[in-house]
Amino acid sequence: MFEKSAVMPLIGDSSSKLNKDVKRIATKALDNTIEPFPGYPDIQFGPSFDWEHLEPQLETTYQLYLQNLRVVGTLLAVYENSDDRALLDKASEIVTSWLDYVEAGGETEMTWYDHAVGARVRVLMQYLYLMQSEGLPFESARIERILKKHADVLLDDSHHRMNNHGIMMDMALMSLGIGLDEPAYLYHALGRVESIFWQTFSETGMHQENSPEYHGMVYRMYREIESYLNDNGFSLGQDILRKLEVAAGHFSRIVMPNGELPGIGDSSARTVSAKPNWESFHDSMSGFTALKSESSQSYIGFVCGYSATAHKHSDDLSVVLNYRGKNFFVDAGKYNYGKNKYRRYVVSYRAHNSFTPNTRYNRPPDNRYTKVIATDKYLEAKNYSLASGYNHGFPGAKLRRTVISVPKFNIILLNDVGHSTDKTGQAWTERFMLPPTANAIIRDDSSVRIENQGEVIYLSMTDPEDTEIEVIKGDRSEDPVEAIISPASNKAIETSQLVFRGKESLDTNRLFVISLGTPFTGSIFQSEDSIIVSSSGFLTDQSIVIPRFSSAER
């Protein structure tokens with residue numbers, strides 16, 4: 001029917017090194033136990049299998065991995081490494097069951113969803129190749145009909161999105177184009193996947209799906225596409241390949257000193273082999289900045305702005321902080337993509353280290369052009385570095401946070417400025433999520449001592465009037481949950497969160513001082529347009545003058 005080079009395996013083939021998850025899932029499937037995705041609850045397979053099963057807390061995600069036939073792709077990957085005919089027989093049994101289901105009119109929200117269709121084509125193409133190469137019978141007319149339906153979905157640009165799901169569709173369409181000798185499929189997919197590349201990688205090489213985890217995934221997808229195209233006499237071209245080399249170095253630019261990636265957006269806690277460096281990083285397209293200081297051993301990441309909504313949380317004006325290799329302010333993670341209380345919490349503004357009027361805000365899909373939310377100022381000066389961004393997505397309020405690293409004094413400043421535009425008072429609030437290993441002690445009405453595994457920082461306000469400080473302890477039992485983080489899929493860990501609540505007012509100007517190691521004993525003065533940091537109570541020629549910005553400024 002077609003050559004092996006037309007196959008783009010979803011899980012792996014004879015050239016793949018299979019991990020323990022793949023082997024476990026395939027072994028369980030032989031006993032009619034389906035684990036749709038590593039770590040997900042099992043479901044029993046049989047003649048009356050429920051393809052519409054809704055797993056509590058995982059409804060949508062569980063359905064996706066059932067409908068994309070991931071378990072079949074796993075069986076095929078192990079078969080190519082073992083030649084155990086039972087694996088191929090079980091794959092045939094599951095494929096036949098799914099065909100019976102859809103041909104009888106069965107359909108769920110995920111059956112013809114872009115992700116599911118793209119993945120399933122790759123599984124079916126590998127299945128067909130193996131059946132053909134082994135000389136086994138298969139219902140060619142039946143398979144051709146279902147593949148034609150898949151091709152119609154993949155070719156329809158109204159289903160296609162300029163993100164990793166669109167790439168999944170294009171990878172499948174390439175396989176169909178080469179395998180079924182339909183050049184129009186291949187060239188349609190190539191045009192779209194090239195457009196996605198140029199739209200979703202910034203000039204710095206940062207992928208724009210608001211997540212380091214997805215940067216790595218999409219980078220690998222393009223490398224896989226290039227390898228596949230090379231096997232079939234094609235290429236993405238030198239311009240894309242040169243840009244991919246830039247993207248390959250991205251983790252070294254954003255990784256924290258402890259080797260972890262900042263867990264922003266839909267990311268799990270992850271350590272990478274990329275060697276950290278002490279050069280600060282700013283990407284205006286995504287609104288992500290990392291201010292680093294080797295002398296103070298500090299890393300503060302700042303999120304404000306975005307160019308795409310994929311995997312975006314309500315995390316604008318949020319920070320993450322690492323000091324001397326220890327995390328102090330952390331992101332909540334992603335939990336999973338189901339409709340559950342944990343997912344609702346981790347994507348919300350309440351789960352991030354940000355500045356808000358304690359309400360939700362709007363994230364317009366065209367923010368790339370309208371700049372309703374953006375980091376608009378970035379500066380590396382001799383004695384300090386700063387990033388400043390505004391969030392004008394809140395109904396009735398305009399907010400700005402400026403993050404300033406001052407290594408000379410071992411401090412980091414957060415200047416939060418807010419203005420109510422609808423003449424009503426706002427409940428200005430700052431939140432700081434701590435890792436479970438950290439302990440926070442409120443010292444007085446203006447400062448908190450935070451210790452984590454032997455390292456200490458002090459978080460204080462220069463003018464704490466009318467502000468209440470609270471340490472919220474994690475609670476998984478309630479809905480909504482409070483103060484939980486999710487370092488890995490389906491894990492929810494209770495931690496603690498600092499909350500600074502101000503009384504309602506029309507305007508606010510709050511200055512937080514993060515002292516690294518020991519309390520800051522100098523002085524900080526504010527004027528209308530500057531912040532002045534001094535080692536004493538007086539202005540001297542050693543004082544550092546830093547610009548201030550207003551909330552309404554754009």
# chains A, B, ... in the order shown; residues from 1 in each chain; ligands from 1
>>> residues_around(residues="stretch 363-380 of chain A", least_positions_apart="5", cutoff="6 Å", atoms="only C-alpha atoms", output="ChimeraX atom specification")
/A:287,304-305,307,385-392
>>> atom_distance(atom1="atom CA of A:Leu516", atom2="atom CA of A:Ile457")
4.8 Å
>>> closest_residue(among="A:Gly106, A:Gly265, A:Gly177, A:Pro9", to="A:Arg120", atoms="only C-alpha atoms")
A:Pro9
>>> residues_around(residues="stretch 71-77 of chain A", least_positions_apart="6", cutoff="9 Å", atoms="only C-alpha atoms", output="JSON, numbers by chain")
{"A": [9, 10, 11, 12, 13, 14, 16, 18, 22, 23, 25, 26, 27, 29, 30, 34, 35, 36, 37, 65, 87, 88, 90, 91, 92, 94, 95, 120, 122, 123, 124, 126, 127, 130]}
>>> closest_residue(among="A:Met125, A:Leu459, A:Ile167, A:Ile225", to="A:Leu147", atoms="only C-alpha atoms")
A:Met125
>>> residues_around(residues="A:Lys503", least_positions_apart="6", cutoff="7 Å", atoms="only C-alpha atoms", output="count of residues only")
3
